[in-house]
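J.: Below is start-v3.txt; it holds compact mmCIF, C-alpha atoms and all ligand atoms.
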# COMPACT_ATOMS: atom_id res chain seq x y z
CA MET A 1 -19.33 20.36 20.36
CA LYS A 2 -20.71 17.35 18.55
CA VAL A 3 -18.26 15.44 16.36
CA LEU A 4 -18.96 12.77 13.75
CA ILE A 5 -16.16 10.40 12.70
CA VAL A 6 -16.51 8.41 9.47
CA GLY A 7 -14.87 4.98 9.33
CA SER A 8 -14.79 1.70 11.19
CA GLY A 9 -11.24 0.54 11.93
CA GLY A 10 -8.44 0.84 14.46
CA ARG A 11 -7.54 4.22 13.03
CA GLU A 12 -11.01 5.59 13.69
CA HIS A 13 -10.97 4.10 17.20
CA ALA A 14 -7.72 5.96 17.90
CA ILE A 15 -9.19 9.18 16.46
CA ALA A 16 -12.35 8.74 18.57
CA TRP A 17 -10.26 8.16 21.70
CA LYS A 18 -8.24 11.31 21.00
CA VAL A 19 -11.32 13.42 20.19
CA ALA A 20 -12.88 12.22 23.45
CA GLN A 21 -9.96 13.83 25.35
CA SER A 22 -10.93 17.25 24.03
CA ALA A 23 -12.53 19.59 26.54
CA LYS A 24 -14.54 21.10 23.68
CA VAL A 25 -16.39 17.91 22.84
CA ASP A 26 -19.48 16.59 24.58
CA LYS A 27 -20.82 14.08 22.05
CA ILE A 28 -19.16 11.83 19.47
CA TYR A 29 -20.84 9.77 16.76
CA CYS A 30 -19.10 7.29 14.49
CA ALA A 31 -20.44 5.95 11.19
CA PRO A 32 -20.43 3.03 10.94
CA GLY A 33 -17.90 2.47 13.76
CA ASN A 34 -17.30 -0.86 15.48
CA ALA A 35 -17.89 -2.45 18.88
CA GLY A 36 -14.75 -0.97 20.45
CA ILE A 37 -15.43 2.53 19.19
CA SER A 38 -18.78 2.50 21.00
CA GLU A 39 -16.85 3.08 24.24
CA PHE A 40 -16.34 6.70 23.10
CA ALA A 41 -18.91 7.24 20.39
CA GLU A 42 -22.46 6.40 19.52
CA CYS A 43 -22.14 4.21 16.43
CA VAL A 44 -24.66 4.82 13.67
CA PRO A 45 -25.33 2.28 10.92
CA ILE A 46 -24.53 4.46 7.91
CA GLY A 47 -21.85 3.26 5.52
CA ALA A 48 -18.82 5.43 4.78
CA MET A 49 -19.81 5.67 1.10
CA GLU A 50 -23.40 6.83 1.79
CA PHE A 51 -22.55 10.50 1.45
CA GLU A 52 -26.06 11.91 1.28
CA LYS A 53 -27.17 9.90 4.29
CA LEU A 54 -24.10 10.96 6.26
CA ALA A 55 -24.72 14.62 5.46
CA ALA A 56 -28.41 14.31 6.34
CA PHE A 57 -27.46 12.72 9.66
CA ALA A 58 -24.95 15.50 10.38
CA LYS A 59 -27.64 18.12 9.69
CA GLU A 60 -30.26 16.38 11.78
CA LYS A 61 -27.95 15.99 14.78
CA GLU A 62 -26.41 19.46 14.31
CA ILE A 63 -22.90 18.05 14.13
CA ASP A 64 -20.29 20.80 14.51
CA LEU A 65 -17.43 18.94 12.86
CA THR A 66 -17.15 15.74 10.80
CA VAL A 67 -13.79 13.97 10.48
CA ILE A 68 -13.32 11.55 7.60
CA GLY A 69 -10.93 8.71 8.47
CA MET A 70 -10.97 6.59 5.32
CA ASP A 71 -9.58 7.04 1.83
CA ASP A 72 -12.51 5.75 -0.26
CA PRO A 73 -15.05 8.39 0.79
CA LEU A 74 -12.44 11.17 0.50
CA VAL A 75 -11.47 10.13 -3.01
CA GLY A 76 -15.17 9.76 -3.84
CA GLY A 77 -15.93 13.35 -2.81
CA VAL A 78 -17.65 13.11 0.58
CA VAL A 79 -16.14 16.45 1.64
CA ASP A 80 -17.71 18.21 -1.36
CA VAL A 81 -21.12 16.84 -0.39
CA PHE A 82 -20.74 18.08 3.20
CA GLU A 83 -19.52 21.51 2.09
CA ARG A 84 -22.38 21.83 -0.38
CA GLU A 85 -24.72 21.30 2.56
CA GLY A 86 -22.92 23.96 4.58
CA LEU A 87 -21.45 21.44 7.03
CA ARG A 88 -18.02 21.73 8.65
CA VAL A 89 -15.82 18.82 7.66
CA PHE A 90 -12.16 17.88 8.06
CA GLY A 91 -10.55 16.29 5.01
CA PRO A 92 -9.54 17.12 1.43
CA ARG A 93 -12.10 17.77 -1.29
CA LYS A 94 -12.30 15.35 -4.19
CA ASN A 95 -10.01 17.46 -6.37
CA ALA A 96 -7.31 17.29 -3.65
CA ALA A 97 -7.85 13.70 -2.45
CA ILE A 98 -6.68 12.71 -5.93
CA LEU A 99 -3.21 13.01 -4.38
CA GLU A 100 -3.96 9.52 -3.02
CA GLY A 101 -6.63 8.51 -5.52
CA SER A 102 -4.41 8.56 -8.60
CA LYS A 103 -0.78 7.46 -8.61
CA ALA A 104 -0.37 8.91 -12.11
CA PHE A 105 -1.56 12.29 -10.80
CA SER A 106 0.77 12.24 -7.80
CA LYS A 107 3.77 11.16 -9.86
CA ASP A 108 3.13 13.88 -12.46
CA LEU A 109 2.77 16.44 -9.66
CA MET A 110 6.11 15.43 -8.15
CA LYS A 111 7.81 15.54 -11.53
CA LYS A 112 6.36 18.96 -12.39
CA TYR A 113 7.36 20.52 -9.06
CA GLY A 114 10.70 18.76 -8.56
CA ILE A 115 9.70 16.69 -5.52
CA PRO A 116 12.07 13.71 -5.18
CA THR A 117 10.51 10.36 -6.13
CA ALA A 118 11.37 7.26 -8.20
CA ALA A 119 11.64 7.68 -11.99
CA TYR A 120 8.52 6.42 -13.77
CA GLU A 121 6.38 6.20 -16.89
CA THR A 122 2.58 6.07 -17.12
CA PHE A 123 0.69 3.70 -19.44
CA ASN A 124 -2.92 3.51 -20.58
CA ARG A 125 -2.42 0.58 -22.97
CA ALA A 126 -1.08 -2.87 -22.04
CA GLU A 127 0.87 -3.13 -25.33
CA ASP A 128 2.83 0.02 -24.54
CA ALA A 129 3.56 -1.17 -21.00
CA LEU A 130 4.74 -4.54 -22.33
CA SER A 131 7.12 -3.04 -24.85
CA TYR A 132 8.46 -0.69 -22.17
CA VAL A 133 9.34 -3.51 -19.74
CA GLU A 134 11.08 -5.45 -22.53
CA LYS A 135 13.81 -2.82 -22.37
CA ALA A 136 13.58 -1.77 -18.72
CA GLU A 137 16.14 -2.56 -16.07
CA MET A 138 14.81 -5.07 -13.49
CA PRO A 139 13.36 -5.07 -10.90
CA VAL A 140 10.51 -2.74 -11.82
CA VAL A 141 7.53 -1.69 -9.73
CA LEU A 142 4.02 -1.76 -11.25
CA LYS A 143 1.34 0.37 -9.64
CA ALA A 144 -2.35 0.43 -10.46
CA ASP A 145 -3.32 4.09 -10.84
CA GLY A 146 -6.41 3.99 -8.62
CA LEU A 147 -7.24 2.78 -5.11
CA ALA A 148 -6.74 -0.97 -4.75
CA LEU A 149 -6.98 -1.52 -0.98
CA GLY A 150 -3.22 -0.96 -0.73
CA LYS A 151 -2.62 -4.05 -2.88
CA GLY A 152 -2.16 -2.57 -6.33
CA VAL A 153 1.64 -2.46 -6.14
CA LEU A 154 3.66 -5.30 -7.69
CA ILE A 155 7.43 -5.62 -7.42
CA CYS A 156 8.65 -7.60 -10.42
CA ASN A 157 12.14 -9.11 -10.33
CA ASN A 158 12.32 -10.16 -13.97
CA LEU A 159 10.66 -9.73 -17.34
CA ASP A 160 8.30 -12.69 -16.89
CA GLU A 161 6.99 -11.31 -13.62
CA ALA A 162 6.58 -7.88 -15.17
CA LYS A 163 4.59 -9.28 -18.10
CA ALA A 164 2.40 -11.32 -15.77
CA GLY A 165 1.86 -8.25 -13.59
CA ILE A 166 0.80 -6.07 -16.52
CA LYS A 167 -1.65 -8.79 -17.56
CA GLU A 168 -3.04 -9.02 -14.03
CA LEU A 169 -3.54 -5.26 -13.62
CA MET A 170 -4.47 -4.11 -17.13
CA GLN A 171 -5.99 -7.11 -18.90
CA ASP A 172 -7.44 -9.35 -16.16
CA LYS A 173 -8.41 -6.20 -14.21
CA LYS A 174 -7.63 -7.77 -10.85
CA PHE A 175 -8.29 -4.39 -9.22
CA GLY A 176 -11.03 -3.32 -11.62
CA SER A 177 -10.77 0.12 -13.16
CA ALA A 178 -7.86 0.96 -10.80
CA GLY A 179 -5.75 -0.83 -13.43
CA ASP A 180 -7.00 1.09 -16.50
CA CYS A 181 -3.86 3.10 -16.15
CA ILE A 182 -0.61 1.93 -14.52
CA VAL A 183 2.60 3.56 -13.41
CA ILE A 184 5.85 1.66 -13.95
CA GLU A 185 8.49 2.81 -11.56
CA GLU A 186 12.18 2.43 -10.87
CA PHE A 187 12.80 0.03 -7.96
CA MET A 188 14.40 1.70 -4.96
CA THR A 189 15.89 0.26 -1.79
CA GLY A 190 16.07 1.74 1.68
CA ARG A 191 14.29 2.08 4.97
CA GLU A 192 10.62 3.11 4.82
CA VAL A 193 9.21 5.81 7.08
CA SER A 194 5.66 7.14 7.40
CA VAL A 195 5.22 10.81 8.21
CA LEU A 196 1.76 12.19 8.94
CA SER A 197 0.96 15.89 8.73
CA PHE A 198 -1.89 18.35 9.21
CA VAL A 199 -2.46 20.77 6.33
CA ASP A 200 -4.77 23.82 6.12
CA GLY A 201 -4.34 24.56 2.42
CA LYS A 202 -1.20 26.68 2.93
CA THR A 203 0.56 25.66 6.14
CA ILE A 204 1.77 22.18 6.97
CA ARG A 205 2.59 20.85 10.45
CA ILE A 206 4.41 17.55 10.67
CA MET A 207 3.47 15.01 13.33
CA THR A 208 6.03 12.56 14.62
CA SER A 209 7.42 9.77 12.39
CA ALA A 210 6.37 6.12 12.43
CA GLN A 211 7.06 2.86 10.68
CA ASP A 212 4.66 0.19 9.54
CA HIS A 213 5.23 -3.58 9.17
CA LYS A 214 3.17 -4.59 6.15
CA ARG A 215 4.02 -8.28 5.70
CA ALA A 216 2.06 -10.98 7.51
CA GLY A 217 5.05 -12.94 8.84
CA ASP A 218 8.06 -12.39 11.08
CA GLY A 219 11.16 -11.09 9.33
CA ASP A 220 8.97 -9.33 6.73
CA THR A 221 7.95 -12.59 5.05
CA GLY A 222 4.56 -13.65 3.70
CA LEU A 223 1.82 -11.66 2.07
CA ASN A 224 1.19 -7.94 2.25
CA THR A 225 -1.47 -6.96 4.78
CA GLY A 226 -3.16 -3.79 5.91
CA GLY A 227 -0.36 -3.53 8.52
CA MET A 228 0.66 -5.90 11.32
CA GLY A 229 2.11 -3.30 13.65
CA THR A 230 3.87 0.04 13.93
CA PHE A 231 6.32 1.96 16.04
CA SER A 232 6.90 5.66 16.60
CA PRO A 233 9.18 7.56 16.35
CA SER A 234 11.34 5.99 13.66
CA PRO A 235 14.99 6.17 14.77
CA PHE A 236 15.90 6.34 11.07
CA TYR A 237 14.07 9.65 10.74
CA THR A 238 17.05 11.76 11.78
CA GLY A 239 17.35 15.54 11.99
CA GLU A 240 19.12 15.45 8.65
CA VAL A 241 16.27 13.54 7.01
CA ASP A 242 13.75 15.92 8.56
CA ALA A 243 15.63 18.97 7.26
CA PHE A 244 15.81 17.48 3.76
CA CYS A 245 12.11 16.68 3.69
CA LYS A 246 11.19 20.13 5.00
CA GLU A 247 13.20 21.71 2.22
CA HIS A 248 12.30 19.43 -0.68
CA ILE A 249 9.08 17.56 0.07
CA TYR A 250 6.53 18.78 2.62
CA GLN A 251 5.85 22.44 1.91
CA LYS A 252 6.57 21.89 -1.78
CA THR A 253 3.74 19.36 -1.95
CA VAL A 254 1.27 21.71 -0.27
CA ASP A 255 2.33 24.61 -2.53
CA ALA A 256 2.14 22.40 -5.63
CA MET A 257 -1.44 21.39 -4.82
CA ALA A 258 -2.42 25.03 -4.24
CA ALA A 259 -0.74 26.08 -7.50
CA GLU A 260 -2.76 23.42 -9.33
CA GLY A 261 -5.99 24.87 -7.93
CA ARG A 262 -6.37 21.84 -5.67
CA GLU A 263 -5.89 23.39 -2.23
CA PHE A 264 -5.33 20.52 0.21
CA LYS A 265 -6.91 20.61 3.68
CA GLY A 266 -6.66 17.56 5.87
CA ILE A 267 -4.00 14.96 6.51
CA ILE A 268 -1.15 14.27 4.11
CA PHE A 269 0.58 10.99 4.87
CA PHE A 270 4.01 10.88 3.25
CA GLY A 271 5.26 7.35 2.58
CA LEU A 272 9.01 7.93 2.33
CA MET A 273 11.92 5.73 1.40
CA LEU A 274 15.31 6.71 2.76
CA THR A 275 17.52 5.78 -0.19
CA GLU A 276 21.27 6.19 -0.57
CA LYS A 277 20.58 9.28 -2.64
CA GLY A 278 18.35 10.76 0.05
CA PRO A 279 14.66 10.60 0.98
CA ARG A 280 12.20 9.88 -1.84
CA VAL A 281 8.40 9.92 -1.81
CA LEU A 282 6.99 6.40 -2.35
CA GLU A 283 3.39 7.48 -2.12
CA TYR A 284 1.00 10.02 -0.70
CA ASN A 285 -2.13 9.21 1.25
CA ALA A 286 -4.83 11.76 1.96
CA ARG A 287 -5.75 10.48 5.45
CA PHE A 288 -4.28 9.11 8.67
CA GLY A 289 -2.34 5.84 8.34
CA ASP A 290 -3.62 2.61 9.80
CA PRO A 291 -2.00 1.42 12.10
CA GLU A 292 0.35 4.44 12.23
CA THR A 293 -2.38 6.52 13.89
CA GLN A 294 -2.50 4.04 16.77
CA VAL A 295 1.10 4.96 17.73
CA VAL A 296 1.12 8.63 16.70
CA LEU A 297 -2.01 9.93 18.46
CA PRO A 298 -1.22 8.41 21.89
CA ARG A 299 1.99 10.51 21.80
CA MET A 300 0.32 13.76 20.72
CA LYS A 301 -0.12 16.43 23.40
CA ASN A 302 -2.39 18.86 21.51
CA ASP A 303 -6.16 18.91 21.68
CA ILE A 304 -6.80 17.30 18.29
CA VAL A 305 -10.13 19.07 17.82
CA GLU A 306 -8.34 22.44 18.01
CA VAL A 307 -5.95 21.24 15.31
CA PHE A 308 -8.79 19.96 13.10
CA GLU A 309 -10.55 23.31 13.43
CA ALA A 310 -7.38 25.27 12.68
CA CYS A 311 -7.04 23.27 9.44
CA VAL A 312 -10.67 23.83 8.43
CA ASP A 313 -10.37 27.57 9.18
CA GLY A 314 -6.96 28.01 7.51
CA ARG A 315 -5.12 29.16 10.63
CA LEU A 316 -2.75 26.28 11.26
CA ASP A 317 0.13 28.79 11.16
CA GLU A 318 -0.97 29.90 14.66
CA MET A 319 -0.41 26.45 16.06
CA GLU A 320 2.55 24.21 16.94
CA LEU A 321 2.17 20.48 17.38
CA GLU A 322 3.64 18.86 20.47
CA PHE A 323 4.50 15.22 21.08
CA GLU A 324 5.60 13.39 24.20
CA ASP A 325 9.29 12.64 24.42
CA ASN A 326 8.56 8.91 24.54
CA ALA A 327 7.85 6.07 22.12
CA ALA A 328 4.93 3.83 21.23
CA VAL A 329 4.57 0.38 19.69
CA CYS A 330 1.37 -1.15 18.28
CA VAL A 331 1.09 -4.91 17.81
CA VAL A 332 -1.85 -6.04 15.70
CA LEU A 333 -3.71 -9.10 16.97
CA ALA A 334 -5.10 -10.81 13.88
CA SER A 335 -7.08 -13.93 13.08
CA ALA A 336 -4.79 -16.78 11.98
CA GLY A 337 -4.92 -17.10 8.20
CA TYR A 338 -5.21 -13.35 7.58
CA PRO A 339 -4.93 -11.88 4.92
CA VAL A 340 -6.22 -14.90 2.95
CA GLU A 341 -8.79 -16.93 4.82
CA TYR A 342 -9.77 -16.76 8.46
CA LYS A 343 -12.66 -17.45 10.79
CA LYS A 344 -14.61 -14.83 12.73
CA GLY A 345 -17.04 -14.74 15.62
CA TYR A 346 -14.84 -15.89 18.55
CA PRO A 347 -15.28 -14.29 21.98
CA ILE A 348 -12.47 -11.99 23.13
CA SER A 349 -11.40 -11.88 26.77
CA GLY A 350 -8.93 -9.86 28.82
CA LEU A 351 -9.77 -6.39 27.49
CA GLU A 352 -10.59 -4.99 30.94
CA ALA A 353 -6.87 -5.10 31.85
CA PHE A 354 -6.19 -2.04 29.67
CA ALA A 355 -8.17 0.29 31.90
CA LYS A 356 -6.01 -0.59 34.90
CA GLU A 357 -2.67 0.88 33.80
CA ASP A 358 -1.71 4.14 32.08
CA GLY A 359 0.05 4.01 28.74
CA TYR A 360 -1.78 0.94 27.40
CA PHE A 361 -4.44 1.08 24.68
CA VAL A 362 -6.47 -1.44 22.76
CA PHE A 363 -7.87 -0.11 19.50
CA HIS A 364 -10.49 -2.28 17.79
CA ALA A 365 -10.06 -2.97 14.09
CA GLY A 366 -12.55 -5.79 13.54
CA THR A 367 -14.84 -6.59 16.48
CA LYS A 368 -18.56 -6.73 17.09
CA PHE A 369 -20.81 -7.37 20.07
CA ALA A 370 -22.35 -10.77 20.73
CA GLU A 371 -26.12 -10.91 21.15
CA ASP A 372 -25.76 -10.14 24.87
CA GLY A 373 -24.57 -6.65 23.81
CA LYS A 374 -21.52 -6.99 26.11
CA THR A 375 -19.16 -9.71 24.89
CA PHE A 376 -16.75 -8.68 22.14
CA LEU A 377 -16.42 -11.07 19.21
CA THR A 378 -13.73 -11.20 16.53
CA ASN A 379 -15.13 -9.77 13.31
CA GLY A 380 -12.25 -9.37 10.88
CA GLY A 381 -8.76 -10.35 9.80
CA ARG A 382 -7.19 -7.67 11.89
CA VAL A 383 -9.02 -7.74 15.21
CA LEU A 384 -7.25 -5.44 17.66
CA GLY A 385 -4.26 -3.12 17.83
CA VAL A 386 -2.52 -3.26 21.18
CA THR A 387 -0.51 -0.09 21.75
CA ALA A 388 1.82 0.68 24.63
CA THR A 389 4.01 3.67 25.30
CA GLY A 390 7.39 3.59 27.03
CA GLU A 391 10.33 5.88 27.72
CA ASP A 392 12.04 4.55 24.59
CA LEU A 393 11.22 2.15 21.76
CA LYS A 394 12.66 -0.87 23.51
CA LYS A 395 10.55 -0.30 26.59
CA ALA A 396 7.47 0.47 24.51
CA ARG A 397 7.97 -2.79 22.64
CA GLU A 398 8.31 -4.79 25.85
CA ASN A 399 5.15 -3.17 27.18
CA ALA A 400 3.19 -3.77 23.99
CA TYR A 401 4.10 -7.46 23.90
CA ARG A 402 3.27 -7.81 27.59
CA ALA A 403 -0.16 -6.28 26.98
CA ALA A 404 -0.70 -8.42 23.88
CA GLU A 405 -0.69 -11.42 26.25
CA TRP A 406 -3.55 -9.97 28.30
CA VAL A 407 -5.94 -10.63 25.44
CA SER A 408 -7.21 -14.07 24.40
CA PHE A 409 -9.34 -15.28 21.53
CA GLU A 410 -9.34 -18.38 19.41
CA ASN A 411 -6.97 -18.28 16.40
CA LYS A 412 -5.15 -15.21 17.77
CA TYR A 413 -2.08 -14.45 15.66
CA MET A 414 0.53 -11.70 15.92
CA ARG A 415 3.98 -10.97 14.59
CA ARG A 416 6.67 -11.32 17.24
CA ASP A 417 9.11 -8.82 15.78
CA ILE A 418 7.22 -5.52 15.61
CA GLY A 419 9.71 -2.76 16.28
CA LYS A 420 12.65 -5.12 16.11
CA ALA A 421 14.25 -2.99 13.39
CA ILE A 422 15.03 -0.49 16.12
CA ASP A 423 17.72 -2.82 17.50
CA GLU A 424 19.80 -2.02 14.41
CA VAL A 425 20.42 1.55 15.53
P1 LIG B 501 2.77 2.22 -2.16
O1 LIG B 501 1.35 1.77 -2.06
O2 LIG B 501 3.07 3.04 -3.36
O3 LIG B 501 3.33 2.76 -0.88
O4 LIG B 501 3.59 0.86 -2.30
C1 LIG B 501 3.44 -0.17 -1.38
C2 LIG B 501 4.79 -0.71 -1.00
O5 LIG B 501 5.50 -1.14 -2.17
C3 LIG B 501 5.69 0.35 -0.37
O6 LIG B 501 5.44 0.48 0.99
C4 LIG B 501 7.05 -0.23 -0.69
O7 LIG B 501 7.38 -1.25 0.23
C5 LIG B 501 6.86 -0.86 -2.05
N1 LIG B 501 7.28 0.06 -3.11
C6 LIG B 501 6.50 0.99 -3.72
N2 LIG B 501 7.20 1.67 -4.65
C7 LIG B 501 8.44 1.18 -4.62
C8 LIG B 501 9.65 1.47 -5.35
N3 LIG B 501 9.68 2.40 -6.31
N4 LIG B 501 10.75 0.76 -5.05
C9 LIG B 501 10.71 -0.19 -4.10
N5 LIG B 501 9.62 -0.53 -3.39
C10 LIG B 501 8.50 0.14 -3.64
N1 LIG B 502 -0.24 1.83 7.02
C1 LIG B 502 -0.33 2.23 5.68
C2 LIG B 502 -1.58 2.90 5.31
O1 LIG B 502 -2.37 3.31 6.14
O2 LIG B 502 -1.79 3.07 4.13
In structure tokens, how does this file's structure come out?
Ligand code: AMP
Ligand code: GLY

T.:
Amino acid sequence: MKVLIVGSGGREHAIAWKVAQSAKVDKIYCAPGNAGISEFAECVPIGAMEFEKLAAFAKEKEIDLTVIGMDDPLVGGVVDVFEREGLRVFGPRKNAAILEGSKAFSKDLMKKYGIPTAAYETFNRAEDALSYVEKAEMPVVLKADGLALGKGVLICNNLDEAKAGIKELMQDKKFGSAGDCIVIEEFMTGREVSVLSFVDGKTIRIMTSAQDHKRAGDGDTGLNTGGMGTFSPSPFYTGEVDAFCKEHIYQKTVDAMAAEGREFKGIIFFGLMLTEKGPRVLEYNARFGDPETQVVLPRMKNDIVEVFEACVDGRLDEMELEFEDNAAVCVVLASAGYPVEYKKGYPISGLEAFAKEDGYFVFHAGTKFAEDGKTFLTNGGRVLGVTATGEDLKKARENAYRAAEWVSFENKYMRRDIGKAIDEV
């Protein structure tokens, strides 16, 4: 089989690595990919939003299956373009990717079908939002309706912050048209857990749980980032939590989408908060998490291509997912200054160490080749994700931090407390 993967980050590197394990696959392409991904895939210079070009490439190369890693092309309808051309593709159509693409849609869906989530109101006019927060209990959470690179969520502790936030999203249009409509939500507290799942339109199969660390600094301080590290499984995702979510959240979401005429095929990523009143959905994503994927896929036993195909063909009910009885931790190596301002273009050394021991992975998020075509250079805020497995989370964390020292580049920065939350249990 020939497989095309669309995307260019650590998530797509992890997907490409996993696809490369499949006995069914003899050639992998990635568009646009990155320097690290080229170890497993031939990278082709087509952007993830160039749908027609991607489809033409898939036809020309007789690609058997295309896997879309990123949210933007899914929400923009890349799957519809591929299907129109008679190409096999893994991911939700545009009318289903709206589960991630519009917070107002996903909140209304949860309300209509009784899926537990924070109480909320939706606003299309800044004046209405302003008069609402005048009377609301603080803190409140403001969310831009559309995609905003994961940054369209503002937690406001008092009325002044809420007013400033509404201005930023709806009047100053900090996130463009994503802020034409906003959701104002009740503030909840609790532990956050990410749960990824495969869905074939009817059946859902849950992968293992994970947890992300979104803030730039140790102790969850500093600015929000694309994710500074992850661990899997989450010890807070107990059997009781799992049973609750199976009864009230997972299948209900899949059935709700089908009932709305928006059959969902692909990955649903449930962002959950474990509140005192039980698990609540914080958000849905319509794709693998980044960097959750970098800890989930190294633990997965199945041939991922078989699972992708079962989803596309609507026969996921015939399949069970299996995960190793171990743990994994991913520490992101970033460029100092990320997420605000940072320099790029520094040579990276030490990567060869990863091939020498089992259970260690380095997934490239932002790298490129130097002119010699061999030396890796830093090419982004997040540069690499160093993942290690271990018999338990503590061991996996030790291993990941040991491996993080193998790698050197100028301005290398990492959090020192990824997975530390696990000491609380
Ligand atoms: P989202 O993009 O909706 O997942 O929001 C990003 C982050 O904002 C989440 O991971 C939470 O940390 C936080 N957040 C979102 N909604 C709420 C809420 N209702 N209460 C408290 N924190 C929230
Ligand atoms: N790690 C969170 C996300 O992928 O959205």

J.: If we count only C-alpha atoms and set the cut-off at 9 Å, which residues sit around Thr253 in chain A, ignoring sequence neighbours fewer than 2 positions away in its own chain? Please answer as number ranges by chain.

T.: A: 109-110, 113, 115, 248-251, 255-258

J.: Grab me every residue within 9 Å of ligand LIG 502 (chain B), counting all atoms listed in the file, and send it over as number ranges by chain.

T.: A: 11, 149-150, 194, 211-214, 226-230, 269, 271, 284-285, 287-293

J.: A:Arg402, A:Arg397, A:Lys163, A:Lys412: which is nearest Lys343 in chain A, counting all atoms listed in the file?

T.: A:Lys412

J.: When you look at Val386 in chain A with a cut-off of 12 Å (counting only C-alpha atoms), what residues show up, excluding the ones that are within fewer than 2 positions of it in the same chain? I need them as a CSV table (one decimal) with C-alpha atoms, keeping the file's coordinate frame.

T.:
chain,number,residue,atom,x,y,z
A,10,GLY,CA,-8.4,0.8,14.5
A,13,HIS,CA,-11.0,4.1,17.2
A,14,ALA,CA,-7.7,6.0,17.9
A,228,MET,CA,0.7,-5.9,11.3
A,229,GLY,CA,2.1,-3.3,13.6
A,230,THR,CA,3.9,0.0,13.9
A,231,PHE,CA,6.3,2.0,16.0
A,291,PRO,CA,-2.0,1.4,12.1
A,294,GLN,CA,-2.5,4.0,16.8
A,295,VAL,CA,1.1,5.0,17.7
A,298,PRO,CA,-1.2,8.4,21.9
A,328,ALA,CA,4.9,3.8,21.2
A,329,VAL,CA,4.6,0.4,19.7
A,330,CYS,CA,1.4,-1.2,18.3
A,331,VAL,CA,1.1,-4.9,17.8
A,332,VAL,CA,-1.8,-6.0,15.7
A,333,LEU,CA,-3.7,-9.1,17.0
A,334,ALA,CA,-5.1,-10.8,13.9
A,350,GLY,CA,-8.9,-9.9,28.8
A,351,LEU,CA,-9.8,-6.4,27.5
A,353,ALA,CA,-6.9,-5.1,31.8
A,354,PHE,CA,-6.2,-2.0,29.7
A,359,GLY,CA,0.0,4.0,28.7
A,360,TYR,CA,-1.8,0.9,27.4
A,361,PHE,CA,-4.4,1.1,24.7
A,362,VAL,CA,-6.5,-1.4,22.8
A,363,PHE,CA,-7.9,-0.1,19.5
A,364,HIS,CA,-10.5,-2.3,17.8
A,365,ALA,CA,-10.1,-3.0,14.1
A,382,ARG,CA,-7.2,-7.7,11.9
A,383,VAL,CA,-9.0,-7.7,15.2
A,384,LEU,CA,-7.2,-5.4,17.7
A,388,ALA,CA,1.8,0.7,24.6
A,389,THR,CA,4.0,3.7,25.3
A,396,ALA,CA,7.5,0.5,24.5
A,397,ARG,CA,8.0,-2.8,22.6
A,398,GLU,CA,8.3,-4.8,25.8
A,399,ASN,CA,5.2,-3.2,27.2
A,400,ALA,CA,3.2,-3.8,24.0
A,401,TYR,CA,4.1,-7.5,23.9
A,402,ARG,CA,3.3,-7.8,27.6
A,403,ALA,CA,-0.2,-6.3,27.0
A,404,ALA,CA,-0.7,-8.4,23.9
A,405,GLU,CA,-0.7,-11.4,26.2
A,406,TRP,CA,-3.6,-10.0,28.3
A,407,VAL,CA,-5.9,-10.6,25.4
A,414,MET,CA,0.5,-11.7,15.9
A,418,ILE,CA,7.2,-5.5,15.6

J.: Go through A:Phe369, A:Phe244, A:Tyr346, A:Tyr120 and flag the residue nearest Lys107 in chain A, using all atoms listed in the file for the distances.

T.: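 Closest candidate: A:Tyr120.
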
J.: Between A:Lys59, A:Lys2, A:Arg415, A:Lys151, which one has atoms that come closest to ligand LIG 501 (chain B), using all atoms listed in the file?

T.: A:Lys151

J.: Skip Thr375 in chain A itself and residues of its chain fewer than 3 positions away, then list as a PyMOL selection string all residues within 9 Å of it, counting only C-alpha atoms.

T.: chain A and resi 347-349+368-372

J.: State, in Å with one decimal place, the distance from CA of Ser22 in chain A to CA of Leu393 in chain A.

T.: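 That distance, rounded to one decimal, is 26.9 Å.
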
J.: I'd like the interatomic distance between CA of Cys311 in chain A and CA of Gly91 in chain A, to a tenth of an Å.

T.: 9.0 Å

J.: Around ligand LIG 501 (chain B), at most 6 Å away and counting only C-alpha atoms and all ligand atoms, which residues are there? Put them as a PyMOL selection string, please.

T.: chain A and resi 118+141+150+153+185-189+282-283

J.: Counting all atoms listed in the file, which residue out of A:Pro116, A:Asp392, A:Glu85, A:Gln171 sits closest to Glu247 in chain A?

T.: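 Of all the options, A:Pro116 lies closest to Glu247 in chain A.
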
J.: Could you list, as a PyMOL selection string, every residue within 8 Å of range 23-27 of chain A, counting all atoms listed in the file and ignoring same-chain residues fewer than 6 positions away?

T.: chain A and resi 1-3+41+305

J.: Between CA of Lys252 in chain A and CA of Glu318 in chain A, what is the distance, to one decimal in Å?

T.: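 Going from CA of Lys252 in chain A over to CA of Glu318 in chain A, I get 19.8 Å.
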
J.: Kindly indicate which residue among A:Arg280, A:Lys112, A:Arg191, A:Lys18 lies nearest to Leu297 in chain A, using all atoms listed in the file for the distances.

T.: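 So, comparing all the options, the nearest one is A:Lys18.
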